[in-house]
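Novice: Submitted below is the structure of interest, expressed as structure tokens.
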Amino acid sequence: MLSSRSARALAVALLAVLVGALLPAATAHAASRTVQGGRLDWGIKSSFQSYVTGPIANGSWSLTGGAATVGGSQFRFHSATGSYDPATGAFASGFSGGVHFTGHRKADGSNELDLTISRPTVRIEGGSGTVYADMLSKERRTGKVARSSQVPLATLGLSGIDMKGGSTPVALTDVPTTLTAQGAAAFAGYYTAGTPLDPISLSVDTRGPAADPKPSAPAEKKDGEDAGKEKSGKKAGKEKAGRFEDAAVDWGVRRTFREYVTGSIGRGKWALADGAQDGGALFRFPEGSGTYDAKKQTLDAGFDGSVRFTGAHGLDLTLAGVSVEIADGEGTLSADVTSEGDTRADVPLVTFAAEDFAPKDGLARLTEAPATLTADGAKAFGSLYRAGTAMDPVSLAVAVDPRTPLPALPDLGSEPTAAAEPAKQAAEPSAAPAAASSASGPGAGTYLAVGGGVLLLAAAGAFLARRRARPAAAPADSTPTD
């Protein structure tokens with residue numbers, strides 16, 4: 001048996017060893033990290049959405065910059081970039097995408113209500129946080145248009161949240177937000193400062209600073225090798241004049257159709273295959289190849305990838321073999337359509353404006369060109385929509401210079417993972433946006449994902465105090481229920 005003095009000495013020695021082992025890991029863990037990839041979900045203010053689309057304003061809203069919808073009334077902004085310091089809890093992350101509200105249409109075709117909110121940024125430091133955004137608004141009475149960059153739009157209710165020691169992904173869920181005085185002014189005076197806005201949720205991936213790559217020694221070249229390669233490259237370029245092998249077309253089909261498929265009526269889903277990629281609000285059909293004439297601005301291209309929609313009421317629709325043709329300032333997107341076991345090849349689905357498709361900086365590019373459903377497209381959707389219906393916009397990029405990269409796909413980051421199960425488990429979020437309403441609200445559970453290093457330090461403290469205590473379960477990270 002050890003005496004009490006010997007036991008205390010042993011405890012001190014063991015603690016010193018434990019702390020010494022933990023300190024390097026804790027120091028590395030606390031190093032400032034880069035935010036790269038992730039999403040922010042925010043309805044801004046649900047009642048404002050209802051007002052805009054209701055019988056008084058009789059308006060609508062549209063998404064820009066790759067923003068998506070999730071739940072019944074939330075907008076999803078994507079491609080988080082910024083920084084996070086686990087040691088201090090300081091967090092700053094900007095997101096891409098925007099939403100454009102219009103309403104109160106006047107006789108001249110303009111809108112009295114015209115408001116765009118884009119590029120939201122969340123900054124947290126010292127226990128307080130703010131949401132900033134680019135704002136473009138029209139004053140209610142004067143009609144004067146005001147454009148402001150990164151307006152402090154709303155404050156975050158961070159009571160009870162400790163931002164220190166987070167791992168990746170860092171996730172916040174249902175954080176209350178309140179309109180600021182500057183936000184009220186940028187909101188065209190529709191609400192006063194202090195008005196509660198919708199709760200905000202976010203999830204971002206973080207990574208440590210990348211090590212500087214070691215320069216590699218240049219390989220020795222044989223005499224005449226450079227000249228031979230240059231001549232060969234010029235010959236290949238001449239032979240492939242007008243031909244390209246790297247392009248992508250982005251198209252979300254139709255937002256309300258996706259919401260119908262995954263909602264309470266369709267009760268379905270979609271699945272991507274053959275290389276198609278999901279960008280949240282759009283599907284990317286990659287590996288495009290074909291011909292392009294820069295002078296005539298004509299294009300004939302085919303792309304990889306397919307998307308299949310399935311659901312209740314016999315819904316089973318597959319779009320594959322996507323192709324795009326552009327001539328005389330107009331584009332047509334076609335696809336092989338399979339429905340009810342029958343396949344029709346090369347069906348022209350939508351047309352879109354392509355008046356300026358000249359190459360610039362190595363890319364021939366169209367961004368969110370408005371698209372309209374064709375008569376054949378209406379048949380492909382089982383007459384769910386009439387010919388002439390506005391569909392999701394089409395974005396197209398062709399690498400005229402093979403060295404020029406294509407635009408990045410929206411980056412939604414990793415799905416948040418639970419640190420531990422809460423007493424009341426939230427539904428697992430779907431990878432696809434859904435139309436079902438969200439039951440979340442202000443104060444409906446705010447969670448932060450934390451790293452395992454914090455738990456180890458807590459264990460050291462428990463050992464020193466000679467207490468046997470079960471650590472409290474940390475609530476799971478969650479996104480609004482789909």
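Naming scheme: A, B, ... for chains in displayed order of the structure tokens; residues 1 onward per chain; ligands 1 onward as shown.
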Output as a ChimeraX atom specification all residues of range 117-159 of chain A that backbone DSSP marks as strand (DSSP E or B).

Specialist: /A:117-125,128-138,145-156

Novice: Which residues are close to Val253 in chain A, i.e. within 9 Å by only C-alpha atoms, leaving aside same-chain residues fewer than 3 positions away? Reply as a list of chain:residue names.

Specialist: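 Contacts, with the query itself left out: A:Phe257, A:Arg258, A:Leu282, A:Phe283, A:Met391, A:Asp392, A:Pro393, A:Val394.
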
Novice: Take the selection from the previous step and output its residues with N, CA, C and O atoms, as a tab-separated table (two decimals), in the first residue's frame.

Specialist:
```
chain	number	residue	atom	x	y	z
A	257	PHE	N	-39.68	21.84	-59.02
A	257	PHE	CA	-39.80	20.42	-59.36
A	257	PHE	C	-38.98	19.58	-58.39
A	257	PHE	O	-39.45	18.54	-57.91
A	258	ARG	N	-37.77	20.04	-58.07
A	258	ARG	CA	-36.96	19.31	-57.09
A	258	ARG	C	-37.66	19.27	-55.74
A	258	ARG	O	-37.66	18.24	-55.05
A	282	LEU	N	-28.10	23.00	-58.29
A	282	LEU	CA	-27.94	22.67	-59.70
A	282	LEU	C	-27.26	21.31	-59.83
A	282	LEU	O	-26.67	20.79	-58.88
A	283	PHE	N	-27.36	20.76	-61.02
A	283	PHE	CA	-26.63	19.55	-61.37
A	283	PHE	C	-25.58	19.93	-62.41
A	283	PHE	O	-25.88	20.67	-63.35
A	391	MET	N	-37.80	27.74	-66.51
A	391	MET	CA	-37.10	26.68	-65.81
A	391	MET	C	-35.86	27.28	-65.15
A	391	MET	O	-35.63	28.48	-65.22
A	392	ASP	N	-35.08	26.45	-64.48
A	392	ASP	CA	-33.87	26.96	-63.85
A	392	ASP	C	-32.90	27.46	-64.93
A	392	ASP	O	-32.87	26.93	-66.04
A	393	PRO	N	-32.11	28.48	-64.58
A	393	PRO	CA	-31.18	29.03	-65.57
A	393	PRO	C	-30.08	28.03	-65.94
A	393	PRO	O	-29.80	27.09	-65.19
A	394	VAL	N	-29.48	28.27	-67.08
A	394	VAL	CA	-28.40	27.42	-67.59
A	394	VAL	C	-27.08	28.17	-67.50
A	394	VAL	O	-26.98	29.33	-67.91
```

Novice: Considering only C-alpha atoms, return as a list in words whatever protein or nucleic-acid residues lie within 8 Å of Leu197 in chain A, sequence-local ones (same chain, fewer than 4 positions apart) excluded.

Specialist: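 Using only C-alpha atoms, the neighbours found are Ile44, Lys45, Ala154, Pro176, Thr177, Thr178 and Leu179 of chain A.
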
Novice: Quick one: everything within 12 Å of Arg365 in chain A, counting only C-alpha atoms, minus sequence neighbours fewer than 2 positions away in the same chain. Send it as a PyMOL selection string.

Specialist: chain A and resi 247-250+292+294+297+299+354-363+367-369+394-400+405-407

Novice: Produce a file of the selected residues containing N, CA, C and O atoms, as a short mmCIF file (atom, residue, chain, number, x, y, z; two decimals), in the first residue's frame.

Specialist:
```cif
data_model
loop_
_atom_site.label_atom_id
_atom_site.label_comp_id
_atom_site.auth_asym_id
_atom_site.auth_seq_id
_atom_site.Cartn_x
_atom_site.Cartn_y
_atom_site.Cartn_z
N ALA A 247 -15.45 20.97 -70.89
CA ALA A 247 -16.57 21.89 -70.73
C ALA A 247 -17.54 21.31 -69.71
O ALA A 247 -17.50 20.12 -69.38
N ALA A 248 -18.42 22.14 -69.20
CA ALA A 248 -19.43 21.70 -68.24
C ALA A 248 -20.67 22.56 -68.40
O ALA A 248 -20.57 23.76 -68.68
N VAL A 249 -21.83 21.95 -68.22
CA VAL A 249 -23.08 22.69 -68.21
C VAL A 249 -23.76 22.44 -66.86
O VAL A 249 -23.82 21.31 -66.38
N ASP A 250 -24.23 23.53 -66.22
CA ASP A 250 -24.90 23.46 -64.92
C ASP A 250 -26.37 23.81 -65.10
O ASP A 250 -26.71 24.88 -65.63
N TYR A 292 -16.53 24.47 -81.22
CA TYR A 292 -16.91 25.85 -80.87
C TYR A 292 -16.25 26.79 -81.88
O TYR A 292 -15.05 26.68 -82.15
N ALA A 294 -15.43 30.62 -82.32
CA ALA A 294 -15.40 31.87 -81.57
C ALA A 294 -15.95 33.03 -82.38
O ALA A 294 -16.56 33.94 -81.82
N GLN A 297 -19.63 32.32 -82.76
CA GLN A 297 -20.19 32.02 -81.44
C GLN A 297 -21.23 30.91 -81.53
O GLN A 297 -22.36 31.03 -81.03
N LEU A 299 -21.86 26.62 -81.01
CA LEU A 299 -21.40 25.52 -80.18
C LEU A 299 -22.22 24.27 -80.47
O LEU A 299 -23.43 24.35 -80.69
N ALA A 354 -28.17 33.34 -75.62
CA ALA A 354 -26.71 33.18 -75.65
C ALA A 354 -26.13 34.21 -76.61
O ALA A 354 -25.37 33.87 -77.52
N GLU A 355 -26.49 35.47 -76.39
CA GLU A 355 -26.09 36.52 -77.33
C GLU A 355 -24.62 36.89 -77.21
O GLU A 355 -24.02 37.36 -78.16
N ASP A 356 -24.05 36.73 -76.04
CA ASP A 356 -22.64 37.05 -75.85
C ASP A 356 -21.92 35.81 -75.34
O ASP A 356 -21.87 35.55 -74.14
N PHE A 357 -21.36 35.06 -76.28
CA PHE A 357 -20.68 33.81 -75.93
C PHE A 357 -19.26 33.83 -76.47
O PHE A 357 -18.72 32.81 -76.87
N ALA A 358 -18.67 35.02 -76.48
CA ALA A 358 -17.30 35.17 -76.96
C ALA A 358 -16.33 34.74 -75.86
O ALA A 358 -16.61 34.90 -74.66
N PRO A 359 -15.18 34.17 -76.23
CA PRO A 359 -14.22 33.73 -75.21
C PRO A 359 -13.55 34.89 -74.51
O PRO A 359 -13.33 35.95 -75.08
N LYS A 360 -13.25 34.69 -73.23
CA LYS A 360 -12.55 35.68 -72.44
C LYS A 360 -11.69 34.95 -71.41
O LYS A 360 -12.18 34.10 -70.67
N ASP A 361 -10.40 35.28 -71.39
CA ASP A 361 -9.46 34.66 -70.45
C ASP A 361 -9.50 33.14 -70.55
O ASP A 361 -9.45 32.43 -69.53
N GLY A 362 -9.59 32.64 -71.77
CA GLY A 362 -9.51 31.20 -71.97
C GLY A 362 -10.81 30.46 -71.83
O GLY A 362 -10.85 29.23 -72.01
N LEU A 363 -11.90 31.16 -71.48
CA LEU A 363 -13.20 30.51 -71.30
C LEU A 363 -14.27 31.18 -72.15
O LEU A 363 -14.34 32.41 -72.22
N THR A 367 -23.43 32.60 -67.75
CA THR A 367 -23.74 32.45 -66.33
C THR A 367 -25.21 32.71 -66.08
O THR A 367 -25.72 33.80 -66.33
N GLU A 368 -25.90 31.67 -65.63
CA GLU A 368 -27.32 31.74 -65.24
C GLU A 368 -28.17 32.40 -66.32
O GLU A 368 -28.90 33.37 -66.07
N ALA A 369 -28.08 31.87 -67.52
CA ALA A 369 -28.92 32.36 -68.61
C ALA A 369 -30.35 31.88 -68.40
O ALA A 369 -30.58 30.67 -68.23
N VAL A 394 -29.48 28.27 -67.08
CA VAL A 394 -28.40 27.42 -67.59
C VAL A 394 -27.08 28.17 -67.50
O VAL A 394 -26.98 29.33 -67.91
N SER A 395 -26.08 27.51 -66.95
CA SER A 395 -24.71 28.04 -66.94
C SER A 395 -23.83 27.10 -67.74
O SER A 395 -23.94 25.88 -67.62
N LEU A 396 -22.96 27.67 -68.53
CA LEU A 396 -22.14 26.89 -69.45
C LEU A 396 -20.74 27.45 -69.48
O LEU A 396 -20.55 28.67 -69.49
N ALA A 397 -19.74 26.58 -69.46
CA ALA A 397 -18.35 27.01 -69.54
C ALA A 397 -17.58 26.06 -70.45
O ALA A 397 -17.65 24.83 -70.28
N VAL A 398 -16.86 26.63 -71.40
CA VAL A 398 -16.06 25.87 -72.34
C VAL A 398 -14.62 26.35 -72.24
O VAL A 398 -14.35 27.56 -72.38
N ALA A 399 -13.69 25.44 -71.98
CA ALA A 399 -12.28 25.79 -71.90
C ALA A 399 -11.70 25.89 -73.31
O ALA A 399 -11.25 24.89 -73.87
N VAL A 400 -11.74 27.09 -73.87
CA VAL A 400 -11.14 27.31 -75.18
C VAL A 400 -9.63 27.10 -75.10
O VAL A 400 -9.01 26.54 -76.00
N PRO A 405 -8.85 26.44 -66.09
CA PRO A 405 -9.78 25.60 -65.33
C PRO A 405 -11.22 26.08 -65.47
O PRO A 405 -11.48 27.27 -65.64
N LEU A 406 -12.14 25.16 -65.36
CA LEU A 406 -13.56 25.49 -65.39
C LEU A 406 -13.97 26.10 -64.05
O LEU A 406 -13.32 25.89 -63.03
N PRO A 407 -15.06 26.87 -64.00
CA PRO A 407 -15.54 27.43 -62.72
C PRO A 407 -15.81 26.32 -61.71
O PRO A 407 -16.28 25.24 -62.06
#
```

Novice: What does the structure give for the distance between CA of Thr332 in chain A and CA of His78 in chain A, in Å to one decimal?

Specialist: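 Going from CA of Thr332 in chain A over to CA of His78 in chain A, I get 28.0 Å.
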
Novice: Which residues, written as a PyMOL selection string, have at least one atom at most 7 Å from Ala193 in chain A, with only C-alpha atoms counted and residues fewer than 5 positions away on the same chain left out?

Specialist: chain A and resi 179-181+184

Novice: Near Ala281 in chain A, within 9 Å and counting only C-alpha atoms, which residues show up once chain neighbours fewer than 5 positions away are dropped, as a PDB file with N, CA and C atoms, in the first residue's frame?

Specialist:
```
ATOM      1  N   LEU A  63     -33.245  32.962 -56.930  1.00  0.00           N
ATOM      2  CA  LEU A  63     -31.922  32.694 -56.382  1.00  0.00           C
ATOM      3  C   LEU A  63     -30.847  33.082 -57.384  1.00  0.00           C
ATOM      4  N   GLY A  66     -25.801  30.468 -57.499  1.00  0.00           N
ATOM      5  CA  GLY A  66     -25.742  29.091 -57.031  1.00  0.00           C
ATOM      6  C   GLY A  66     -26.398  28.830 -55.699  1.00  0.00           C
ATOM      7  N   ALA A  67     -27.121  29.820 -55.134  1.00  0.00           N
ATOM      8  CA  ALA A  67     -27.844  29.590 -53.881  1.00  0.00           C
ATOM      9  C   ALA A  67     -28.936  28.543 -54.107  1.00  0.00           C
ATOM     10  N   ALA A  68     -29.306  27.849 -53.032  1.00  0.00           N
ATOM     11  CA  ALA A  68     -30.312  26.787 -53.122  1.00  0.00           C
ATOM     12  C   ALA A  68     -31.372  27.013 -52.059  1.00  0.00           C
ATOM     13  N   THR A  69     -32.345  26.119 -52.003  1.00  0.00           N
ATOM     14  CA  THR A  69     -33.345  26.125 -50.947  1.00  0.00           C
ATOM     15  C   THR A  69     -33.204  24.845 -50.139  1.00  0.00           C
ATOM     16  N   ARG A  76     -30.034  28.345 -48.916  1.00  0.00           N
ATOM     17  CA  ARG A  76     -28.716  27.762 -48.626  1.00  0.00           C
ATOM     18  C   ARG A  76     -27.653  28.485 -49.435  1.00  0.00           C
ATOM     19  N   TRP A 251     -27.235  22.926 -64.602  1.00  0.00           N
ATOM     20  CA  TRP A 251     -28.676  23.154 -64.735  1.00  0.00           C
ATOM     21  C   TRP A 251     -29.392  22.425 -63.605  1.00  0.00           C
ATOM     22  N   GLY A 252     -30.267  23.132 -62.905  1.00  0.00           N
ATOM     23  CA  GLY A 252     -31.002  22.523 -61.804  1.00  0.00           C
ATOM     24  C   GLY A 252     -32.366  21.989 -62.183  1.00  0.00           C
ATOM     25  N   ARG A 255     -36.374  24.470 -59.713  1.00  0.00           N
ATOM     26  CA  ARG A 255     -36.335  24.397 -58.253  1.00  0.00           C
ATOM     27  C   ARG A 255     -37.605  23.801 -57.679  1.00  0.00           C
ATOM     28  N   PRO A 410     -20.284  24.736 -56.680  1.00  0.00           N
ATOM     29  CA  PRO A 410     -20.565  25.152 -55.299  1.00  0.00           C
ATOM     30  C   PRO A 410     -20.131  24.088 -54.294  1.00  0.00           C
ATOM     31  N   PRO A 433     -32.077  18.913 -51.229  1.00  0.00           N
ATOM     32  CA  PRO A 433     -33.004  19.902 -50.673  1.00  0.00           C
ATOM     33  C   PRO A 433     -34.422  19.350 -50.673  1.00  0.00           C
TER      34      PRO A 433
END
```

Novice: Identify, on the basis of only C-alpha atoms, every residue whose closest approach to Met135 in chain A does not exceed 6 Å; exclude the query and any residue fewer than 4 positions from it along the same chain; express the result as a PyMOL selection string.

Specialist: chain A and resi 116-117+147-148

Novice: Store the residues picked out above, limited to C-alpha atoms, as a PDB file, in the first residue's frame.

Specialist:
```
ATOM      1  CA  THR A 116     -31.256  41.609 -53.116  1.00  0.00           C
ATOM      2  CA  ILE A 117     -29.312  40.034 -50.259  1.00  0.00           C
ATOM      3  CA  ARG A 147     -26.204  49.508 -52.943  1.00  0.00           C
ATOM      4  CA  SER A 148     -24.110  48.617 -49.885  1.00  0.00           C
TER       5      SER A 148
END
```

Novice: Could you pull out all residues of range 61-237 of chain A with a DSSP call of helix (DSSP H, G or I) and give them as a list of chain:residue names?

Specialist: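 Matching residues, listed in order: A:Ala181, A:Gln182, A:Gly183, A:Ala184, A:Ala185, A:Ala186, A:Glu225, A:Asp226, A:Ala227, A:Gly228, A:Lys229, A:Glu230, A:Lys231, A:Ser232, A:Gly233, A:Lys234, A:Lys235, A:Ala236, A:Gly237.
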
Novice: The selected residues should be written to file as a CSV table (one decimal), in the first residue's frame (atoms: all heavy atoms).

Specialist:
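File produced: out-v3.csv:
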```
chain,number,residue,atom,x,y,z
A,181,ALA,N,-29.6,48.2,-36.8
A,181,ALA,CA,-30.1,49.5,-37.3
A,181,ALA,C,-29.6,49.7,-38.8
A,181,ALA,O,-30.4,50.1,-39.6
A,181,ALA,CB,-29.5,50.7,-36.4
A,182,GLN,N,-28.3,49.3,-39.0
A,182,GLN,CA,-27.9,49.4,-40.4
A,182,GLN,C,-28.6,48.4,-41.3
A,182,GLN,O,-28.9,48.7,-42.5
A,182,GLN,CB,-26.4,49.1,-40.5
A,182,GLN,CG,-25.5,50.1,-39.7
A,182,GLN,CD,-25.2,49.5,-38.3
A,182,GLN,OE1,-26.0,48.9,-37.7
A,182,GLN,NE2,-23.9,49.6,-38.0
A,183,GLY,N,-29.0,47.3,-40.8
A,183,GLY,CA,-29.7,46.3,-41.6
A,183,GLY,C,-31.1,46.8,-41.9
A,183,GLY,O,-31.7,46.6,-42.9
A,184,ALA,N,-31.7,47.4,-40.9
A,184,ALA,CA,-33.1,48.0,-41.1
A,184,ALA,C,-33.1,49.0,-42.2
A,184,ALA,O,-34.0,49.0,-43.0
A,184,ALA,CB,-33.6,48.6,-39.8
A,185,ALA,N,-32.1,49.9,-42.3
A,185,ALA,CA,-32.0,50.9,-43.3
A,185,ALA,C,-31.8,50.2,-44.7
A,185,ALA,O,-32.4,50.6,-45.7
A,185,ALA,CB,-30.9,51.8,-43.0
A,186,ALA,N,-30.9,49.2,-44.7
A,186,ALA,CA,-30.6,48.5,-46.0
A,186,ALA,C,-31.8,47.6,-46.4
A,186,ALA,O,-32.0,47.3,-47.6
A,186,ALA,CB,-29.4,47.6,-45.8
A,225,GLU,N,14.8,19.0,-77.3
A,225,GLU,CA,13.5,18.5,-76.8
A,225,GLU,C,12.4,19.5,-76.7
A,225,GLU,O,11.3,19.3,-77.1
A,225,GLU,CB,13.7,17.8,-75.4
A,225,GLU,CG,12.5,17.2,-74.8
A,225,GLU,CD,12.7,16.5,-73.5
A,225,GLU,OE1,13.9,16.3,-73.2
A,225,GLU,OE2,11.8,16.1,-72.8
A,226,ASP,N,12.8,20.7,-76.2
A,226,ASP,CA,11.8,21.8,-76.0
A,226,ASP,C,11.3,22.3,-77.4
A,226,ASP,O,10.1,22.4,-77.5
A,226,ASP,CB,12.5,23.0,-75.3
A,226,ASP,CG,12.7,22.8,-73.9
A,226,ASP,OD1,12.1,21.9,-73.3
A,226,ASP,OD2,13.5,23.5,-73.3
A,227,ALA,N,12.2,22.4,-78.3
A,227,ALA,CA,11.8,22.9,-79.7
A,227,ALA,C,10.8,21.8,-80.3
A,227,ALA,O,9.8,22.2,-80.9
A,227,ALA,CB,13.0,23.1,-80.6
A,228,GLY,N,11.1,20.6,-80.1
A,228,GLY,CA,10.3,19.5,-80.6
A,228,GLY,C,8.9,19.5,-80.0
A,228,GLY,O,7.9,19.4,-80.7
A,229,LYS,N,8.8,19.7,-78.7
A,229,LYS,CA,7.5,19.8,-78.0
A,229,LYS,C,6.7,21.0,-78.5
A,229,LYS,O,5.5,20.9,-78.7
A,229,LYS,CB,7.7,19.8,-76.5
A,229,LYS,CG,8.1,18.4,-75.9
A,229,LYS,CD,8.1,18.5,-74.4
A,229,LYS,CE,8.5,17.1,-73.8
A,229,LYS,NZ,8.5,17.2,-72.3
A,230,GLU,N,7.4,22.1,-78.6
A,230,GLU,CA,6.7,23.3,-79.0
A,230,GLU,C,6.1,23.2,-80.4
A,230,GLU,O,5.0,23.5,-80.7
A,230,GLU,CB,7.7,24.5,-79.0
A,230,GLU,CG,7.0,25.8,-79.3
A,230,GLU,CD,8.0,27.0,-79.2
A,230,GLU,OE1,9.1,26.8,-78.8
A,230,GLU,OE2,7.6,28.1,-79.6
A,231,LYS,N,6.9,22.6,-81.3
A,231,LYS,CA,6.4,22.4,-82.7
A,231,LYS,C,5.3,21.4,-82.7
A,231,LYS,O,4.3,21.6,-83.4
A,231,LYS,CB,7.6,21.9,-83.6
A,231,LYS,CG,7.2,21.8,-85.0
A,231,LYS,CD,8.4,21.2,-85.8
A,231,LYS,CE,9.5,22.2,-85.8
A,231,LYS,NZ,10.7,21.8,-86.7
A,232,SER,N,5.4,20.3,-81.9
A,232,SER,CA,4.3,19.3,-81.8
A,232,SER,C,3.0,19.9,-81.3
A,232,SER,O,1.9,19.6,-81.8
A,232,SER,CB,4.8,18.1,-81.0
A,232,SER,OG,3.7,17.2,-80.8
A,233,GLY,N,3.2,20.8,-80.2
A,233,GLY,CA,2.0,21.4,-79.6
A,233,GLY,C,1.3,22.3,-80.6
A,233,GLY,O,0.1,22.3,-80.7
A,234,LYS,N,2.0,23.1,-81.4
A,234,LYS,CA,1.4,24.0,-82.4
A,234,LYS,C,0.7,23.2,-83.4
A,234,LYS,O,-0.4,23.5,-83.9
A,234,LYS,CB,2.5,24.8,-83.0
A,234,LYS,CG,3.1,25.9,-82.1
A,234,LYS,CD,4.1,26.8,-82.8
A,234,LYS,CE,4.6,27.9,-81.9
A,234,LYS,NZ,5.7,28.7,-82.6
A,235,LYS,N,1.3,22.1,-83.8
A,235,LYS,CA,0.6,21.2,-84.9
A,235,LYS,C,-0.7,20.7,-84.3
A,235,LYS,O,-1.7,20.7,-85.0
A,235,LYS,CB,1.6,20.1,-85.3
A,235,LYS,CG,1.0,19.2,-86.4
A,235,LYS,CD,2.0,18.1,-86.7
A,235,LYS,CE,1.4,17.2,-87.8
A,235,LYS,NZ,2.4,16.1,-88.2
A,236,ALA,N,-0.6,20.2,-83.0
A,236,ALA,CA,-1.8,19.6,-82.5
A,236,ALA,C,-2.9,20.7,-82.3
A,236,ALA,O,-4.1,20.4,-82.6
A,236,ALA,CB,-1.5,19.0,-81.1
A,237,GLY,N,-2.5,21.9,-81.9
A,237,GLY,CA,-3.5,23.0,-81.8
A,237,GLY,C,-4.1,23.3,-83.1
A,237,GLY,O,-5.3,23.6,-83.2
```

Novice: Hey, could you make a per-residue contact list for range 122-212 of chain A against range 93-98 of chain A with 12 Å as the cut-off, showing the nearest pair of atoms and its distance in Å to one decimal, counting only C-alpha atoms, sorted by chain and number, as a Markdown table?

Specialist:
```
| residue | atom | partner | partner_atom | distance |
| --- | --- | --- | --- | --- |
| A:Val122 | CA | A:Ser93 | CA | 5.4 |
| A:Arg123 | CA | A:Ser93 | CA | 6.7 |
| A:Ile124 | CA | A:Ser93 | CA | 9.2 |
| A:Gly129 | CA | A:Ser93 | CA | 11.6 |
| A:Thr130 | CA | A:Ser93 | CA | 11.0 |
| A:Val131 | CA | A:Gly94 | CA | 9.6 |
| A:Tyr132 | CA | A:Gly94 | CA | 8.8 |
| A:Ala133 | CA | A:Gly94 | CA | 9.0 |
| A:Asp134 | CA | A:Gly98 | CA | 8.9 |
| A:Met135 | CA | A:Gly98 | CA | 9.7 |
| A:Leu136 | CA | A:Gly98 | CA | 10.8 |
| A:Gln150 | CA | A:Gly94 | CA | 10.1 |
| A:Val170 | CA | A:Ser93 | CA | 11.1 |
| A:Leu202 | CA | A:Ser93 | CA | 10.0 |
| A:Ser203 | CA | A:Ser93 | CA | 10.4 |
| A:Val204 | CA | A:Ser93 | CA | 8.5 |
| A:Asp205 | CA | A:Ser93 | CA | 10.6 |
| A:Thr206 | CA | A:Ser93 | CA | 10.6 |
```
